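Engineer: Sharing a structure with you now.
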Amino acid sequence: MVKYILVCGGVISGIGKGVIASSTGLTLKAAGLKVTAIKIDPYMNIDAGTMAPTEHGEVYVLNDGGETDLDLGNYERYLDVSLNKDNNVTTGKVYSHVIDRERKGDYLGKTVQIIPHLTNAIQDWIERVSKIPVDGTGEEPDVCIIELGGTVGDIESMPFVEAMRQFQFRVGHDNFALIYVSLIPVVGGEQKTKPTQAGVRDLRGLGLLPDLIACRCTDTLLTATMEKVSMFCHVSPKQVLGVHNVSSTYHVPLLLQQQGMLDFLKKRLNLGEVTINDKFKKKGEEFMGRWKALTVGQERLFDTVSIVLVGKYTTLEDSYMSVVKALEHASMRCGRKLELQWVHSSDLEPHTQISNPVKFHDAWSALCSAKGIIVPGGFGHRGTEGMISAVKWAREQHVPFLGICLGFQVAVIEWARNVCGLEGANSAELAPDTPHPVICFMPEISKTHMGGTMRLGLRPTIFQDHTESSKLRRLYGSNQVAWERHRHRYEVEPKYVEQLESKKGLRFVGKDERGERMQMLELDDHPYFVALQAHPEFCSRPLNPSPPFLGLIAAACGANVLTEQIGQNENGGYVDPHPEESKVVPESEAYTEQAKGKKQSIEGVIRVRGEVDGDLQQREEQLEGVAINGDA
């Protein structure tokens, strides 16, 4: 039986429920348990794919192409698991599911209502998804962490709160625990508990009782404050956890562990009845040991590395959450403290020099002093000329550079304009009337629907012949294939590839399985200049940094550090984080003459979904003819 831990919050949103949920899961994983996680988002959108990054933070992409809330990135990074799109539940998804069933007549003529039909659908969804293996073992998880987004009491989350109230009885008291995350504000130097008291009272009025109260505060929670929360919220002092601000969120699992969270949950959920494999227990202990070493080591770092992020959505740093985390992971591996400077790409453009000279000067000053430059993804024309200027600076001044998605495309545009002499070269997205559309709209993508229509999910990149010396390939352990997650509608126009590569220096070192899509580029005779159409930041882990990010940070630290990190990755330092069952590409048509007639599959390297399904069907047919227990 799966054990469930619900994490919800009160007082304000954005209080840190995601980090606390992830840290709880990590603490349990360190004990040898298999852990999965589900995020409930009460908004009406089907998924996060059409939401502006400046409104809701980054859109996090999963292996199966799911466009989800950024908290799923926290779960994957902390728990080192691979989730799927059903691990993110939204109001839109649940309502759509119930309405589809009603249209099919599944409710047998009954009046379809919030209770019981919608609440039952939520419970069924959670129970089904909680049993899906996520850690590559193929085994059902022991514990499922459920995070309820927003704030308890919000009108949009009420159906989910009611579903959870019912769910605790469906699974039983020993299989359901609740962590309530609340804010302890400081007013006049005093830690105030009234907001927490009111929040817990509201929660109890809705039929849910907190087993643990995690108190978010700026400084260490005082004993007197803890006792006051205990007294007025009807819990024992050991059920009140202080989660104060720390230098890094990677310290939070250790903070919770020190306060006895694991021991409490073991008793509360009767985790002693769960059979823990010795191998998983040992692996968990090793994992926590490495995590502690990582966090303690981070505190002792003195040397810094300065990176400038040139982006379109810098007004909300959560827009680039995974990019920042990937930079942190790589910095920790290189033994450096990350100094990240944010530059809005529009501030690098000539019009800003006229409208706001100070911003223009500050932006260029930051760019010129950077030891490394990263241009992440984005959509739309705004700020792209500033990105192109940043790419040109990095290329000409030999500053280590990493381009991701749109950053990859603007690197191609900059090369086409300034090296290949293609005047006015641009992307069909950014300038539809450009004379040289070196970036084109992908032929299979819908032009009428926005949600879920991009090239999404885990895809392979095949390193081309004669790329053995490529820094990027070597960072991937000198493997033939690199698997990364994609999210884009535009790509390099195949007609321009030969012309772009004709000028010595640029190579498309990685392409798709048919060789018609350019997915990685690298410049020769440059300390480190690489760009990817994919989003490698989504696959970075604290103990297993993303290779392109590791290369950027290492190169920014110096050529000797880059050489050292490449050597480590070539000798087992990089571990592919994706389970083998995820490494299957969907069937697709070839669109270029060169690719037509080429098979998608590569024996022993690339499997195609249709072919895999066929293999399974054939295997099932073979098994039907096998005698069981001696029956003929």
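Ordered as shown in the structure tokens, chains take letters A, B, and onward, while each chain numbers its residues from 1 and ligands are numbered from 1 in the order shown.
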Could you list, as a PDB file with N, CA and C atoms, in the first residue's frame, every residue within 12 Å of region 215-219 of chain A, counting only C-alpha atoms and ignoring same-chain residues fewer than 4 positions away?

Structural biologist:
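File produced: out_27.pdb:
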```
ATOM      1  N   GLY A   9      -0.451  24.697   2.099  1.00  0.00           N
ATOM      2  CA  GLY A   9       0.027  25.890   2.783  1.00  0.00           C
ATOM      3  C   GLY A   9      -1.045  26.924   3.015  1.00  0.00           C
ATOM      4  N   GLY A  10      -0.760  27.822   3.944  1.00  0.00           N
ATOM      5  CA  GLY A  10      -1.686  28.897   4.256  1.00  0.00           C
ATOM      6  C   GLY A  10      -0.979  30.232   4.357  1.00  0.00           C
ATOM      7  N   VAL A  11      -1.736  31.256   4.652  1.00  0.00           N
ATOM      8  CA  VAL A  11      -1.288  32.645   4.816  1.00  0.00           C
ATOM      9  C   VAL A  11      -0.968  33.281   3.469  1.00  0.00           C
ATOM     10  N   ILE A  12       0.092  32.816   2.777  1.00  0.00           N
ATOM     11  CA  ILE A  12       0.424  33.351   1.456  1.00  0.00           C
ATOM     12  C   ILE A  12       0.880  32.209   0.554  1.00  0.00           C
ATOM     13  N   SER A  13       0.799  32.439  -0.761  1.00  0.00           N
ATOM     14  CA  SER A  13       1.350  31.468  -1.710  1.00  0.00           C
ATOM     15  C   SER A  13       2.832  31.768  -1.901  1.00  0.00           C
ATOM     16  N   GLY A  14       3.526  30.873  -2.592  1.00  0.00           N
ATOM     17  CA  GLY A  14       4.958  31.067  -2.802  1.00  0.00           C
ATOM     18  C   GLY A  14       5.766  31.010  -1.523  1.00  0.00           C
ATOM     19  N   ILE A  15       5.297  30.216  -0.585  1.00  0.00           N
ATOM     20  CA  ILE A  15       5.918  30.175   0.749  1.00  0.00           C
ATOM     21  C   ILE A  15       7.035  29.131   0.845  1.00  0.00           C
ATOM     22  N   GLY A  16       7.148  28.282  -0.190  1.00  0.00           N
ATOM     23  CA  GLY A  16       8.190  27.260  -0.175  1.00  0.00           C
ATOM     24  C   GLY A  16       7.673  25.848  -0.031  1.00  0.00           C
ATOM     25  N   LYS A  17       6.398  25.639  -0.391  1.00  0.00           N
ATOM     26  CA  LYS A  17       5.826  24.279  -0.277  1.00  0.00           C
ATOM     27  C   LYS A  17       6.574  23.302  -1.161  1.00  0.00           C
ATOM     28  N   VAL A  19       9.745  23.236  -2.160  1.00  0.00           N
ATOM     29  CA  VAL A  19      11.042  22.837  -1.596  1.00  0.00           C
ATOM     30  C   VAL A  19      10.833  21.916  -0.397  1.00  0.00           C
ATOM     31  N   ILE A  20       9.843  22.222   0.442  1.00  0.00           N
ATOM     32  CA  ILE A  20       9.572  21.378   1.616  1.00  0.00           C
ATOM     33  C   ILE A  20       9.054  20.006   1.190  1.00  0.00           C
ATOM     34  N   ILE A 179       1.271  17.721   5.975  1.00  0.00           N
ATOM     35  CA  ILE A 179       2.213  18.751   6.415  1.00  0.00           C
ATOM     36  C   ILE A 179       1.641  20.104   5.998  1.00  0.00           C
ATOM     37  N   TYR A 180       1.439  20.958   6.977  1.00  0.00           N
ATOM     38  CA  TYR A 180       0.888  22.294   6.717  1.00  0.00           C
ATOM     39  C   TYR A 180       2.024  23.315   6.803  1.00  0.00           C
ATOM     40  N   VAL A 181       2.239  24.049   5.714  1.00  0.00           N
ATOM     41  CA  VAL A 181       3.316  25.034   5.654  1.00  0.00           C
ATOM     42  C   VAL A 181       2.725  26.416   5.889  1.00  0.00           C
ATOM     43  N   SER A 182       3.244  27.117   6.887  1.00  0.00           N
ATOM     44  CA  SER A 182       2.689  28.428   7.225  1.00  0.00           C
ATOM     45  C   SER A 182       3.802  29.449   7.434  1.00  0.00           C
ATOM     46  N   LEU A 183       3.399  30.706   7.440  1.00  0.00           N
ATOM     47  CA  LEU A 183       4.357  31.799   7.594  1.00  0.00           C
ATOM     48  C   LEU A 183       4.337  32.336   9.032  1.00  0.00           C
ATOM     49  N   ILE A 184       5.515  32.531   9.578  1.00  0.00           N
ATOM     50  CA  ILE A 184       5.659  33.196  10.885  1.00  0.00           C
ATOM     51  C   ILE A 184       6.297  34.562  10.614  1.00  0.00           C
ATOM     52  N   PRO A 185       5.494  35.593  10.461  1.00  0.00           N
ATOM     53  CA  PRO A 185       6.079  36.920  10.192  1.00  0.00           C
ATOM     54  C   PRO A 185       6.715  37.507  11.443  1.00  0.00           C
ATOM     55  N   VAL A 186       7.614  38.447  11.233  1.00  0.00           N
ATOM     56  CA  VAL A 186       8.242  39.153  12.347  1.00  0.00           C
ATOM     57  C   VAL A 186       7.757  40.596  12.320  1.00  0.00           C
ATOM     58  N   VAL A 187       7.107  41.021  13.405  1.00  0.00           N
ATOM     59  CA  VAL A 187       6.599  42.390  13.526  1.00  0.00           C
ATOM     60  C   VAL A 187       7.180  43.008  14.788  1.00  0.00           C
ATOM     61  N   GLY A 189      10.167  42.966  15.748  1.00  0.00           N
ATOM     62  CA  GLY A 189      11.152  42.071  16.349  1.00  0.00           C
ATOM     63  C   GLY A 189      10.564  40.835  16.993  1.00  0.00           C
ATOM     64  N   GLU A 190       9.226  40.665  16.916  1.00  0.00           N
ATOM     65  CA  GLU A 190       8.572  39.511  17.550  1.00  0.00           C
ATOM     66  C   GLU A 190       7.999  38.572  16.492  1.00  0.00           C
ATOM     67  N   GLN A 191       8.240  37.262  16.675  1.00  0.00           N
ATOM     68  CA  GLN A 191       7.678  36.259  15.766  1.00  0.00           C
ATOM     69  C   GLN A 191       6.190  36.080  16.090  1.00  0.00           C
ATOM     70  N   LYS A 192       5.331  36.303  15.095  1.00  0.00           N
ATOM     71  CA  LYS A 192       3.884  36.284  15.295  1.00  0.00           C
ATOM     72  C   LYS A 192       3.283  34.951  14.822  1.00  0.00           C
ATOM     73  N   THR A 193       2.421  34.373  15.640  1.00  0.00           N
ATOM     74  CA  THR A 193       1.833  33.064  15.321  1.00  0.00           C
ATOM     75  C   THR A 193       0.363  33.144  14.913  1.00  0.00           C
ATOM     76  N   PRO A 195      -1.295  34.351  12.256  1.00  0.00           N
ATOM     77  CA  PRO A 195      -1.651  33.865  10.915  1.00  0.00           C
ATOM     78  C   PRO A 195      -1.670  32.333  10.830  1.00  0.00           C
ATOM     79  N   THR A 196      -0.708  31.693  11.509  1.00  0.00           N
ATOM     80  CA  THR A 196      -0.660  30.229  11.506  1.00  0.00           C
ATOM     81  C   THR A 196      -1.852  29.649  12.253  1.00  0.00           C
ATOM     82  N   GLN A 197      -2.186  30.247  13.381  1.00  0.00           N
ATOM     83  CA  GLN A 197      -3.354  29.781  14.145  1.00  0.00           C
ATOM     84  C   GLN A 197      -4.623  29.859  13.297  1.00  0.00           C
ATOM     85  N   GLY A 199      -4.848  29.960  10.030  1.00  0.00           N
ATOM     86  CA  GLY A 199      -4.759  29.028   8.895  1.00  0.00           C
ATOM     87  C   GLY A 199      -5.091  27.604   9.295  1.00  0.00           C
ATOM     88  N   VAL A 200      -4.555  27.172  10.432  1.00  0.00           N
ATOM     89  CA  VAL A 200      -4.832  25.813  10.931  1.00  0.00           C
ATOM     90  C   VAL A 200      -6.311  25.675  11.286  1.00  0.00           C
ATOM     91  N   THR A 225       8.083  30.460  20.441  1.00  0.00           N
ATOM     92  CA  THR A 225       7.164  30.506  19.288  1.00  0.00           C
ATOM     93  C   THR A 225       6.676  29.105  18.958  1.00  0.00           C
ATOM     94  N   MET A 226       7.576  28.147  18.983  1.00  0.00           N
ATOM     95  CA  MET A 226       7.211  26.758  18.709  1.00  0.00           C
ATOM     96  C   MET A 226       6.164  26.260  19.720  1.00  0.00           C
ATOM     97  N   LYS A 228       4.075  28.069  21.402  1.00  0.00           N
ATOM     98  CA  LYS A 228       2.821  28.779  21.194  1.00  0.00           C
ATOM     99  C   LYS A 228       2.033  28.172  20.036  1.00  0.00           C
ATOM    100  N   VAL A 229       2.734  27.850  18.938  1.00  0.00           N
ATOM    101  CA  VAL A 229       2.087  27.186  17.796  1.00  0.00           C
ATOM    102  C   VAL A 229       1.529  25.846  18.245  1.00  0.00           C
ATOM    103  N   SER A 230       2.314  25.118  19.029  1.00  0.00           N
ATOM    104  CA  SER A 230       1.880  23.810  19.533  1.00  0.00           C
ATOM    105  C   SER A 230       0.599  23.936  20.361  1.00  0.00           C
ATOM    106  N   GLN A 239       5.818  18.213  16.672  1.00  0.00           N
ATOM    107  CA  GLN A 239       5.137  18.294  15.379  1.00  0.00           C
ATOM    108  C   GLN A 239       5.254  19.675  14.742  1.00  0.00           C
ATOM    109  N   VAL A 240       5.987  20.565  15.375  1.00  0.00           N
ATOM    110  CA  VAL A 240       6.223  21.911  14.834  1.00  0.00           C
ATOM    111  C   VAL A 240       7.672  21.991  14.365  1.00  0.00           C
ATOM    112  N   LEU A 241       7.858  22.258  13.075  1.00  0.00           N
ATOM    113  CA  LEU A 241       9.192  22.325  12.485  1.00  0.00           C
ATOM    114  C   LEU A 241       9.512  23.762  12.096  1.00  0.00           C
ATOM    115  N   GLY A 242      10.699  24.197  12.412  1.00  0.00           N
ATOM    116  CA  GLY A 242      11.138  25.527  11.996  1.00  0.00           C
ATOM    117  C   GLY A 242      11.910  25.435  10.697  1.00  0.00           C
ATOM    118  N   VAL A 243      11.471  26.170   9.694  1.00  0.00           N
ATOM    119  CA  VAL A 243      12.165  26.176   8.389  1.00  0.00           C
ATOM    120  C   VAL A 243      12.547  27.628   8.099  1.00  0.00           C
ATOM    121  N   HIS A 244      13.678  28.033   8.639  1.00  0.00           N
ATOM    122  CA  HIS A 244      14.118  29.416   8.459  1.00  0.00           C
ATOM    123  C   HIS A 244      14.902  29.570   7.152  1.00  0.00           C
ATOM    124  N   ASN A 245      15.116  30.806   6.762  1.00  0.00           N
ATOM    125  CA  ASN A 245      15.871  31.079   5.544  1.00  0.00           C
ATOM    126  C   ASN A 245      17.302  30.567   5.684  1.00  0.00           C
ATOM    127  N   VAL A 246      17.761  29.849   4.672  1.00  0.00           N
ATOM    128  CA  VAL A 246      19.122  29.315   4.672  1.00  0.00           C
ATOM    129  C   VAL A 246      19.837  29.791   3.409  1.00  0.00           C
ATOM    130  N   SER A 247      21.146  29.648   3.391  1.00  0.00           N
ATOM    131  CA  SER A 247      21.931  30.167   2.268  1.00  0.00           C
ATOM    132  C   SER A 247      21.613  29.453   0.968  1.00  0.00           C
ATOM    133  N   VAL A 252      17.712  22.467   3.169  1.00  0.00           N
ATOM    134  CA  VAL A 252      16.408  22.220   3.791  1.00  0.00           C
ATOM    135  C   VAL A 252      16.211  20.745   4.171  1.00  0.00           C
ATOM    136  N   LEU A 256      15.254  19.598   8.054  1.00  0.00           N
ATOM    137  CA  LEU A 256      14.091  18.801   8.453  1.00  0.00           C
ATOM    138  C   LEU A 256      14.514  17.516   9.161  1.00  0.00           C
TER     139      LEU A 256
END
```

Engineer: Can you tell me which residues surround His466 (chain A) at a distance of at most 12 Å, considering only C-alpha atoms, apart from same-chain residues fewer than 3 positions away, and format the answer as a ChimeraX atom specification?

Structural biologist: /A:463,469-470,473,478,480,507-510

Engineer: Would you list, as number ranges by chain, the residues of region 58-292 of chain A that end up in alpha helix (DSSP H) under DSSP run on this structure's backbone?

Structural biologist: A: 71-79, 91-104, 119-129, 158-171, 194-205, 223-232, 252-258, 261-268, 278-292

Engineer: Using only C-alpha atoms, find the one residue out of A:Glu429, A:Asp80, A:Glu127, A:Asp524 that sits nearest to His381 (chain A).

Structural biologist: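 Among the listed residues, A:Glu429 lies closest to His381 (chain A).
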
Engineer: May I have the residues within 9 Å of region 311-321 of chain A as number ranges by chain, using only C-alpha atoms and disregarding those fewer than 4 positions away in the same chain?

Structural biologist: A: 52-59, 70, 73, 325-326, 342-346, 374-379, 382-384, 387

Engineer: Pick from A:Ser22, A:Asn45, A:Asn63, A:Asn571: nearest to Glu147 (chain A), with only C-alpha atoms counted?

Structural biologist: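 The shortest atom-to-atom distance to Glu147 (chain A) comes from A:Ser22.
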
Engineer: Grab the CA of Val7 (chain A) to CA of Leu148 (chain A) distance for me, in Å with one decimal place.

Structural biologist: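 Between CA of Val7 (chain A) and CA of Leu148 (chain A) the gap works out to 6.2 Å.
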
Engineer: Can you pull out the residues contacting Lys583 (chain A)? Cut-off 8 Å, using only C-alpha atoms, and skip same-chain residues under 2 positions away; I want them as number ranges by chain.

Structural biologist: A: 458-460, 483, 578-581, 585, 606-607

Engineer: Next, the residues of the selection above should be written as a tab-separated table (two decimals), in the first residue's frame with all heavy atoms.

Structural biologist:
```
chain	number	residue	atom	x	y	z
A	458	LEU	N	11.54	14.13	-24.55
A	458	LEU	CA	12.89	13.57	-24.67
A	458	LEU	C	13.18	13.13	-26.10
A	458	LEU	O	12.41	12.36	-26.69
A	458	LEU	CB	13.02	12.38	-23.72
A	458	LEU	CG	14.43	11.83	-23.49
A	458	LEU	CD1	15.30	12.86	-22.77
A	458	LEU	CD2	14.38	10.53	-22.69
A	459	ARG	N	14.28	13.62	-26.66
A	459	ARG	CA	14.68	13.29	-28.02
A	459	ARG	C	16.19	13.01	-28.05
A	459	ARG	O	16.95	13.60	-27.28
A	459	ARG	CB	14.38	14.44	-28.98
A	459	ARG	CG	12.94	14.93	-28.97
A	459	ARG	CD	12.02	13.97	-29.68
A	459	ARG	NE	10.63	14.42	-29.61
A	459	ARG	CZ	9.79	14.41	-30.65
A	459	ARG	NH1	10.19	13.97	-31.81
A	459	ARG	NH2	8.54	14.82	-30.48
A	460	PRO	N	16.61	12.16	-28.98
A	460	PRO	CA	18.05	11.87	-29.08
A	460	PRO	C	18.75	12.85	-30.01
A	460	PRO	O	18.18	13.34	-30.98
A	460	PRO	CB	18.07	10.46	-29.67
A	460	PRO	CG	16.84	10.41	-30.54
A	460	PRO	CD	15.81	11.29	-29.86
A	483	TRP	N	20.67	12.33	-24.92
A	483	TRP	CA	19.22	12.47	-24.80
A	483	TRP	C	18.90	13.72	-23.99
A	483	TRP	O	19.34	13.86	-22.85
A	483	TRP	CB	18.61	11.24	-24.11
A	483	TRP	CG	18.65	10.00	-24.95
A	483	TRP	CD1	19.67	9.11	-25.05
A	483	TRP	CD2	17.61	9.51	-25.79
A	483	TRP	NE1	19.33	8.09	-25.90
A	483	TRP	CE2	18.07	8.30	-26.38
A	483	TRP	CE3	16.31	9.96	-26.11
A	483	TRP	CZ2	17.30	7.56	-27.26
A	483	TRP	CZ3	15.55	9.21	-27.00
A	483	TRP	CH2	16.03	8.04	-27.56
A	578	HIS	N	18.22	9.48	-17.54
A	578	HIS	CA	16.94	9.00	-18.06
A	578	HIS	C	16.83	7.48	-18.01
A	578	HIS	O	17.76	6.77	-18.40
A	578	HIS	CB	16.76	9.45	-19.51
A	578	HIS	CG	16.99	10.91	-19.71
A	578	HIS	ND1	16.16	11.86	-19.17
A	578	HIS	CD2	17.96	11.59	-20.36
A	578	HIS	CE1	16.61	13.06	-19.49
A	578	HIS	NE2	17.70	12.92	-20.21
A	579	PRO	N	15.69	6.96	-17.53
A	579	PRO	CA	15.50	5.49	-17.56
A	579	PRO	C	15.41	4.99	-18.99
A	579	PRO	O	14.96	5.71	-19.89
A	579	PRO	CB	14.17	5.31	-16.81
A	579	PRO	CG	13.48	6.62	-16.88
A	579	PRO	CD	14.54	7.66	-16.94
A	580	GLU	N	15.83	3.78	-19.20
A	580	GLU	CA	15.87	3.22	-20.56
A	580	GLU	C	14.51	3.21	-21.24
A	580	GLU	O	14.40	3.41	-22.44
A	580	GLU	CB	16.45	1.79	-20.53
A	580	GLU	CG	17.94	1.73	-20.29
A	580	GLU	CD	18.76	2.49	-21.32
A	580	GLU	OE1	18.45	2.36	-22.53
A	580	GLU	OE2	19.68	3.23	-20.93
A	581	GLU	N	13.44	2.99	-20.43
A	581	GLU	CA	12.11	2.92	-21.06
A	581	GLU	C	11.66	4.25	-21.63
A	581	GLU	O	10.74	4.31	-22.45
A	581	GLU	CB	11.07	2.41	-20.05
A	581	GLU	CG	10.92	3.25	-18.79
A	581	GLU	CD	11.77	2.75	-17.64
A	581	GLU	OE1	12.80	2.07	-17.89
A	581	GLU	OE2	11.41	3.05	-16.49
A	585	VAL	N	11.70	7.18	-29.40
A	585	VAL	CA	11.25	8.36	-30.14
A	585	VAL	C	9.91	8.07	-30.82
A	585	VAL	O	9.66	6.94	-31.25
A	585	VAL	CB	12.28	8.80	-31.21
A	585	VAL	CG1	13.57	9.23	-30.56
A	585	VAL	CG2	12.55	7.69	-32.22
A	606	ILE	N	18.80	3.71	-31.19
A	606	ILE	CA	17.54	4.44	-31.19
A	606	ILE	C	16.38	3.48	-31.46
A	606	ILE	O	16.41	2.73	-32.45
A	606	ILE	CB	17.52	5.54	-32.29
A	606	ILE	CG1	18.71	6.49	-32.13
A	606	ILE	CG2	16.20	6.31	-32.24
A	606	ILE	CD1	18.69	7.30	-30.86
A	607	ARG	N	15.38	3.51	-30.58
A	607	ARG	CA	14.16	2.72	-30.77
A	607	ARG	C	13.01	3.66	-31.09
A	607	ARG	O	12.91	4.75	-30.53
A	607	ARG	CB	13.83	1.93	-29.51
A	607	ARG	CG	14.89	0.92	-29.09
A	607	ARG	CD	14.49	0.23	-27.80
A	607	ARG	NE	14.39	1.18	-26.69
A	607	ARG	CZ	13.67	0.95	-25.60
A	607	ARG	NH1	12.99	-0.16	-25.46
A	607	ARG	NH2	13.63	1.85	-24.63
```

Engineer: In terms of the shortest atom-to-atom distance over only C-alpha atoms, which of A:Leu309, A:Met332, A:Ile388, A:Ala163 is closest to Lys371 (chain A)?

Structural biologist: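 Looking only at the distances to Lys371 (chain A), the closest residue turns out to be A:Leu309.
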
Engineer: Apply DSSP to the backbone of this structure and, from region 160-291 of chain A, keep only the residues in strand (DSSP E); write these as a PyMOL selection string.

Structural biologist: chain A and resi 176-183+186-187+190-191+212-217+240-244

Engineer: Grab the CA of Lys93 (chain A) to CA of Gln166 (chain A) distance for me, in Å with one decimal place.

Structural biologist: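 Answer for the CA of Lys93 (chain A) to CA of Gln166 (chain A) separation: 19.9 Å.
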
Engineer: So which residues touch Asn88 (chain A) within 10 Å, counting only C-alpha atoms, skipping near sequence neighbours fewer than 4 positions away, as a PyMOL selection string?

Structural biologist: chain A and resi 37-41+46-48+66-69+71-72+83-84+93+126+129+146-147
